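Shown next: model-v1.pdb, containing PDB, C-alpha atoms and all ligand atoms.
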MODEL        1
ATOM      1  CA  MET A   1      11.195 -23.211  57.852
ATOM      2  CA  LYS A   2      13.187 -23.583  54.628
ATOM      3  CA  ILE A   3      15.717 -20.940  53.594
ATOM      4  CA  ALA A   4      17.243 -20.158  50.191
ATOM      5  CA  ILE A   5      20.657 -18.501  50.432
ATOM      6  CA  SER A   6      23.130 -17.032  47.947
ATOM      7  CA  SER A   7      25.716 -14.294  47.624
ATOM      8  CA  ASP A   8      28.147 -12.829  45.144
ATOM      9  CA  HIS A   9      31.941 -13.194  45.513
ATOM     10  CA  GLY A  10      31.914 -10.258  47.957
ATOM     11  CA  GLY A  11      29.652 -12.217  50.294
ATOM     12  CA  ASN A  12      31.133 -15.717  50.076
ATOM     13  CA  ASN A  13      32.750 -15.760  53.525
ATOM     14  CA  LEU A  14      29.729 -14.396  55.359
ATOM     15  CA  ARG A  15      27.413 -16.757  53.445
ATOM     16  CA  LYS A  16      29.470 -19.711  54.687
ATOM     17  CA  GLU A  17      29.307 -18.342  58.237
ATOM     18  CA  ILE A  18      25.522 -18.013  58.014
ATOM     19  CA  MET A  19      25.195 -21.541  56.617
ATOM     20  CA  HIS A  20      27.126 -22.782  59.684
ATOM     21  CA  LEU A  21      24.655 -20.870  61.855
ATOM     22  CA  LEU A  22      21.683 -22.439  60.065
ATOM     23  CA  ASP A  23      23.275 -25.861  60.607
ATOM     24  CA  GLU A  24      23.675 -25.083  64.323
ATOM     25  CA  LEU A  25      20.046 -23.975  64.518
ATOM     26  CA  ASN A  26      18.933 -27.068  62.601
ATOM     27  CA  ILE A  27      17.214 -24.912  59.988
ATOM     28  CA  SER A  28      17.092 -26.407  56.514
ATOM     29  CA  TYR A  29      18.420 -24.387  53.616
ATOM     30  CA  GLU A  30      19.549 -24.654  50.015
ATOM     31  CA  ASP A  31      22.720 -22.943  48.887
ATOM     32  CA  PHE A  32      22.486 -21.193  45.504
ATOM     33  CA  GLY A  33      26.189 -20.341  45.413
ATOM     34  CA  PRO A  34      28.510 -19.216  44.091
ATOM     35  CA  GLN A  35      30.789 -22.209  44.608
ATOM     36  CA  THR A  36      34.038 -20.408  43.704
ATOM     37  CA  ASP A  37      35.604 -17.071  44.668
ATOM     38  CA  ASP A  38      35.551 -15.870  41.043
ATOM     39  CA  SER A  39      34.039 -12.451  40.435
ATOM     40  CA  VAL A  40      30.346 -12.777  39.585
ATOM     41  CA  ASP A  41      27.393 -10.449  39.044
ATOM     42  CA  TYR A  42      25.088 -10.145  42.052
ATOM     43  CA  PRO A  43      21.801  -9.994  40.025
ATOM     44  CA  ASP A  44      22.556 -13.531  38.799
ATOM     45  CA  TYR A  45      22.637 -14.743  42.408
ATOM     46  CA  ALA A  46      19.714 -12.682  43.669
ATOM     47  CA  ARG A  47      17.520 -14.253  40.970
ATOM     48  CA  PRO A  48      17.382 -17.934  42.047
ATOM     49  CA  VAL A  49      16.653 -17.014  45.664
ATOM     50  CA  ALA A  50      14.093 -14.310  44.856
ATOM     51  CA  GLU A  51      12.294 -16.462  42.274
ATOM     52  CA  ARG A  52      11.993 -19.419  44.616
ATOM     53  CA  VAL A  53      10.843 -17.391  47.617
ATOM     54  CA  ALA A  54       8.318 -15.563  45.420
ATOM     55  CA  ALA A  55       7.080 -18.939  44.115
ATOM     56  CA  GLY A  56       6.619 -20.235  47.667
ATOM     57  CA  GLU A  57       9.237 -22.963  47.269
ATOM     58  CA  PHE A  58      11.145 -21.483  50.210
ATOM     59  CA  ASP A  59       9.808 -19.587  53.230
ATOM     60  CA  ARG A  60      12.589 -17.005  53.333
ATOM     61  CA  GLY A  61      15.758 -15.964  51.553
ATOM     62  CA  ILE A  62      19.127 -14.637  52.685
ATOM     63  CA  LEU A  63      21.332 -12.675  50.266
ATOM     64  CA  ILE A  64      24.823 -11.322  50.812
ATOM     65  CA  CYS A  65      27.119  -9.158  48.700
ATOM     66  CA  GLY A  66      29.892  -6.712  49.585
ATOM     67  CA  THR A  67      27.529  -3.994  50.762
ATOM     68  CA  GLY A  68      24.207  -5.828  50.581
ATOM     69  CA  ILE A  69      22.943  -2.976  48.439
ATOM     70  CA  GLY A  70      23.190  -4.349  44.913
ATOM     71  CA  ILE A  71      21.801  -7.759  45.768
ATOM     72  CA  SER A  72      18.864  -6.248  47.729
ATOM     73  CA  ILE A  73      18.003  -3.884  44.875
ATOM     74  CA  ALA A  74      18.009  -6.825  42.470
ATOM     75  CA  ALA A  75      15.858  -9.013  44.752
ATOM     76  CA  ASN A  76      13.268  -6.273  45.169
ATOM     77  CA  LYS A  77      12.626  -6.306  41.407
ATOM     78  CA  PHE A  78      10.773  -9.610  41.842
ATOM     79  CA  LYS A  79       7.040  -9.510  42.550
ATOM     80  CA  GLY A  80       6.234 -10.633  46.061
ATOM     81  CA  ILE A  81       9.744 -10.044  47.381
ATOM     82  CA  ARG A  82      10.216  -7.716  50.315
ATOM     83  CA  CYS A  83      13.975  -7.713  50.753
ATOM     84  CA  ALA A  84      15.339  -5.747  53.706
ATOM     85  CA  LEU A  85      18.960  -4.623  53.851
ATOM     86  CA  VAL A  86      19.834  -4.895  57.543
ATOM     87  CA  HIS A  87      22.979  -4.192  59.530
ATOM     88  CA  ASP A  88      21.599  -3.949  63.081
ATOM     89  CA  THR A  89      19.377  -6.093  65.288
ATOM     90  CA  PHE A  90      16.778  -3.360  65.864
ATOM     91  CA  SER A  91      16.056  -3.218  62.128
ATOM     92  CA  ALA A  92      16.148  -7.020  61.848
ATOM     93  CA  LYS A  93      13.291  -7.218  64.348
ATOM     94  CA  ALA A  94      11.412  -4.192  62.989
ATOM     95  CA  THR A  95      11.450  -5.351  59.384
ATOM     96  CA  ARG A  96       9.860  -8.647  60.349
ATOM     97  CA  CYS A  97       7.275  -7.019  62.669
ATOM     98  CA  HIS A  98       6.347  -4.199  60.300
ATOM     99  CA  ASN A  99       7.349  -5.136  56.740
ATOM    100  CA  ASP A 100       6.967  -8.928  56.840
ATOM    101  CA  SER A 101      10.253  -9.034  54.927
ATOM    102  CA  ASN A 102      10.756 -12.397  53.265
ATOM    103  CA  VAL A 103      14.365 -11.848  52.193
ATOM    104  CA  LEU A 104      17.228 -10.524  54.327
ATOM    105  CA  ALA A 105      20.244  -8.849  52.717
ATOM    106  CA  MET A 106      23.543  -8.044  54.424
ATOM    107  CA  GLY A 107      26.939  -6.704  53.366
ATOM    108  CA  GLU A 108      30.032  -8.725  54.238
ATOM    109  CA  ARG A 109      32.206  -5.610  53.932
ATOM    110  CA  VAL A 110      29.934  -3.690  56.318
ATOM    111  CA  ILE A 111      29.505  -5.881  59.411
ATOM    112  CA  GLY A 112      31.365  -8.677  61.156
ATOM    113  CA  PRO A 113      30.226 -12.287  61.455
ATOM    114  CA  GLY A 114      29.126 -11.975  65.091
ATOM    115  CA  LEU A 115      26.637  -9.208  64.430
ATOM    116  CA  ALA A 116      25.502 -10.880  61.206
ATOM    117  CA  ARG A 117      24.686 -14.056  63.131
ATOM    118  CA  GLU A 118      22.636 -12.090  65.683
ATOM    119  CA  ILE A 119      20.796 -10.303  62.869
ATOM    120  CA  VAL A 120      19.911 -13.593  61.170
ATOM    121  CA  GLU A 121      18.738 -15.201  64.412
ATOM    122  CA  THR A 122      16.597 -12.178  65.282
ATOM    123  CA  TRP A 123      15.147 -11.985  61.783
ATOM    124  CA  LEU A 124      14.307 -15.698  61.720
ATOM    125  CA  ILE A 125      12.490 -15.832  65.065
ATOM    126  CA  THR A 126      10.499 -12.597  64.783
ATOM    127  CA  ASP A 127       6.896 -12.808  63.592
ATOM    128  CA  PHE A 128       4.983 -10.279  61.489
ATOM    129  CA  GLU A 129       2.700  -8.196  63.717
ATOM    130  CA  GLY A 130      -0.142  -7.891  61.204
ATOM    131  CA  GLY A 131      -2.814  -5.315  62.102
ATOM    132  CA  ARG A 132      -2.187  -1.904  60.522
ATOM    133  CA  HIS A 133       0.971  -3.268  58.909
ATOM    134  CA  THR A 134      -1.063  -5.660  56.770
ATOM    135  CA  ARG A 135      -2.729  -2.709  55.029
ATOM    136  CA  ARG A 136       0.687  -1.230  54.268
ATOM    137  CA  ILE A 137       2.007  -4.493  52.861
ATOM    138  CA  GLU A 138      -1.086  -4.692  50.669
ATOM    139  CA  LYS A 139      -0.279  -1.207  49.374
ATOM    140  CA  ILE A 140       3.248  -2.304  48.538
ATOM    141  CA  THR A 141       1.752  -5.242  46.621
ATOM    142  CA  GLU A 142      -0.501  -2.804  44.719
ATOM    143  CA  LEU A 143       2.609  -0.850  43.693
ATOM    144  CA  GLU A 144       3.873  -3.987  41.959
ATOM    145  CA  GLY A 145       0.972  -3.635  39.516
TER     146      GLY A 145
HETATM  147  C1  LIG B 201      31.253  -6.381  44.145
HETATM  148  O1  LIG B 201      32.525  -5.826  44.028
HETATM  149  C2  LIG B 201      30.341  -5.384  44.851
HETATM  150  O2  LIG B 201      30.035  -4.341  43.993
HETATM  151  C3  LIG B 201      29.089  -6.090  45.319
HETATM  152  O3  LIG B 201      29.413  -7.138  46.166
HETATM  153  C4  LIG B 201      28.088  -5.242  46.069
HETATM  154  O4  LIG B 201      28.694  -4.530  47.098
HETATM  155  C5  LIG B 201      27.204  -4.401  45.235
HETATM  156  O5  LIG B 201      26.293  -3.726  45.716
ENDMDL
END
What does the file become when written as structure tokens?
Ligand code: RB5
Amino acid sequence: MKIAISSDHGGNNLRKEIMHLLDELNISYEDFGPQTDDSVDYPDYARPVAERVAAGEFDRGILICGTGIGISIAANKFKGIRCALVHDTFSAKATRCHNDSNVLAMGERVIGPGLAREIVETWLITDFEGGRHTRRIEKITELEG
């Protein structure tokens, strides 16, 4: 599995924590920044991850901002992206099983690093259930026009 990851300035610390986790898990990833703590605009950092996941260059994406809200809204503007904003492990599992989410968003100002690590691990290992959920994903795709 290959992961694309980015954040805005509000998510820099948690992004680094999650990159350490991916290293520990031996999961390959590419970091799309930012590389400084300067204030940046989260749509600019959602874009490279969302575009590459949508293009199939990466299997999944992880996005982090202060709340996770802005960066998840931006990612969901891209066709083929199902970005789930998650701050608990139940939802991390459910969004993989039911929504086949291909991008995970979290807010560094919302949860601590321990919970964020558990969310990422859960989200990475959980498979899509298919079945009736496939029909619903297809309907989401139809909404994209
Ligand atoms: C940046 O201050 C903050 O607005 C951003 O990280 C995010 O929380 C937006 O949704």
Take every atom of ligand LIG 201 (chain B) listed in the file, fit an axis-aligned box around them, add 3 Å per side, and give the centre and edge lengths in Å to one decimal as lines of an AutoDock Vina configuration file.
center_x = 29.4
center_y = -5.4
center_z = 45.5
size_x = 12.2
size_y = 9.4
size_z = 9.1
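Our summary of the geometry notes that CA of Asn76 in chain A is positioned 16.3 Å from CA of Asp8 in chain A.
Residues matched by the PyMOL selection byres (((chain A and resi 112) around 12) and not hetatm) in this file are Gly11, Asn13, Leu14, Arg15, Glu17, Ile18, Gly66, His87, Asp88, Met106, Gly107, Glu108, Arg109, Val110, Ile111, Pro113, Gly114, Leu115, Ala116, Arg117, Glu118 and Ile119 of chain A.
Counting only C-alpha atoms and comparing A:Asn99, A:Thr36, A:Thr126, A:Ser7, the residue that lies closest to Pro48 in chain A is A:Ser7.
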Would you tabulate, counting only C-alpha atoms and all ligand atoms, all residues of chain A that have an atom at most 12 Å from an atom of ligand LIG 201 (chain B), showing the closest pair of atoms and their distance in Å to one decimal, sorted by chain then ascending number, as JSON lines?
{"residue": "A:Ser6", "atom": "CA", "partner": "B:LIG201", "partner_atom": "O3", "distance": 11.9}
{"residue": "A:Ser7", "atom": "CA", "partner": "B:LIG201", "partner_atom": "O3", "distance": 8.2}
{"residue": "A:Asp8", "atom": "CA", "partner": "B:LIG201", "partner_atom": "O3", "distance": 5.9}
{"residue": "A:His9", "atom": "CA", "partner": "B:LIG201", "partner_atom": "O3", "distance": 6.6}
{"residue": "A:Gly10", "atom": "CA", "partner": "B:LIG201", "partner_atom": "O3", "distance": 4.4}
{"residue": "A:Gly11", "atom": "CA", "partner": "B:LIG201", "partner_atom": "O3", "distance": 6.5}
{"residue": "A:Asn12", "atom": "CA", "partner": "B:LIG201", "partner_atom": "O3", "distance": 9.6}
{"residue": "A:Asn13", "atom": "CA", "partner": "B:LIG201", "partner_atom": "O3", "distance": 11.8}
{"residue": "A:Leu14", "atom": "CA", "partner": "B:LIG201", "partner_atom": "O3", "distance": 11.7}
{"residue": "A:Asp37", "atom": "CA", "partner": "B:LIG201", "partner_atom": "C1", "distance": 11.6}
{"residue": "A:Asp38", "atom": "CA", "partner": "B:LIG201", "partner_atom": "C1", "distance": 10.9}
{"residue": "A:Ser39", "atom": "CA", "partner": "B:LIG201", "partner_atom": "C1", "distance": 7.6}
{"residue": "A:Val40", "atom": "CA", "partner": "B:LIG201", "partner_atom": "C1", "distance": 7.9}
{"residue": "A:Asp41", "atom": "CA", "partner": "B:LIG201", "partner_atom": "C1", "distance": 7.6}
{"residue": "A:Tyr42", "atom": "CA", "partner": "B:LIG201", "partner_atom": "C3", "distance": 6.6}
{"residue": "A:Pro43", "atom": "CA", "partner": "B:LIG201", "partner_atom": "C5", "distance": 9.4}
{"residue": "A:Asp44", "atom": "CA", "partner": "B:LIG201", "partner_atom": "C3", "distance": 11.9}
{"residue": "A:Tyr45", "atom": "CA", "partner": "B:LIG201", "partner_atom": "O3", "distance": 10.9}
{"residue": "A:Ala46", "atom": "CA", "partner": "B:LIG201", "partner_atom": "C5", "distance": 11.3}
{"residue": "A:Leu63", "atom": "CA", "partner": "B:LIG201", "partner_atom": "O3", "distance": 10.6}
{"residue": "A:Ile64", "atom": "CA", "partner": "B:LIG201", "partner_atom": "O3", "distance": 7.8}
{"residue": "A:Cys65", "atom": "CA", "partner": "B:LIG201", "partner_atom": "O3", "distance": 4.0}
{"residue": "A:Gly66", "atom": "CA", "partner": "B:LIG201", "partner_atom": "O3", "distance": 3.5}
{"residue": "A:Thr67", "atom": "CA", "partner": "B:LIG201", "partner_atom": "O4", "distance": 3.9}
{"residue": "A:Gly68", "atom": "CA", "partner": "B:LIG201", "partner_atom": "O5", "distance": 5.7}
{"residue": "A:Ile69", "atom": "CA", "partner": "B:LIG201", "partner_atom": "O5", "distance": 4.4}
{"residue": "A:Gly70", "atom": "CA", "partner": "B:LIG201", "partner_atom": "O5", "distance": 3.3}
{"residue": "A:Ile71", "atom": "CA", "partner": "B:LIG201", "partner_atom": "O5", "distance": 6.0}
{"residue": "A:Ser72", "atom": "CA", "partner": "B:LIG201", "partner_atom": "O5", "distance": 8.1}
{"residue": "A:Ile73", "atom": "CA", "partner": "B:LIG201", "partner_atom": "O5", "distance": 8.3}
{"residue": "A:Ala74", "atom": "CA", "partner": "B:LIG201", "partner_atom": "O5", "distance": 9.4}
{"residue": "A:Ala75", "atom": "CA", "partner": "B:LIG201", "partner_atom": "O5", "distance": 11.7}
{"residue": "A:Leu85", "atom": "CA", "partner": "B:LIG201", "partner_atom": "O5", "distance": 11.0}
{"residue": "A:Ala105", "atom": "CA", "partner": "B:LIG201", "partner_atom": "O5", "distance": 10.6}
{"residue": "A:Met106", "atom": "CA", "partner": "B:LIG201", "partner_atom": "O4", "distance": 9.6}
{"residue": "A:Gly107", "atom": "CA", "partner": "B:LIG201", "partner_atom": "O4", "distance": 6.9}
{"residue": "A:Glu108", "atom": "CA", "partner": "B:LIG201", "partner_atom": "O3", "distance": 8.2}
{"residue": "A:Arg109", "atom": "CA", "partner": "B:LIG201", "partner_atom": "O4", "distance": 7.8}
{"residue": "A:Val110", "atom": "CA", "partner": "B:LIG201", "partner_atom": "O4", "distance": 9.3}
_Minimum-distance residue to Ala54 in chain A, chosen among A:Ala92, A:Met1, A:Met19, A:Val103 (using only C-alpha atoms)_ = A:Val103
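Shortest separation to Lys93 in chain A among A:Tyr29, A:Trp123, A:Phe128, A:Phe78 occurs at residue A:Trp123, atoms counted being all atoms listed in the file.
Shortest separation to Val120 in chain A among A:Val86, A:Ala55, A:Ala50, A:Ile140 occurs at residue A:Val86, atoms counted being all atoms listed in the file.
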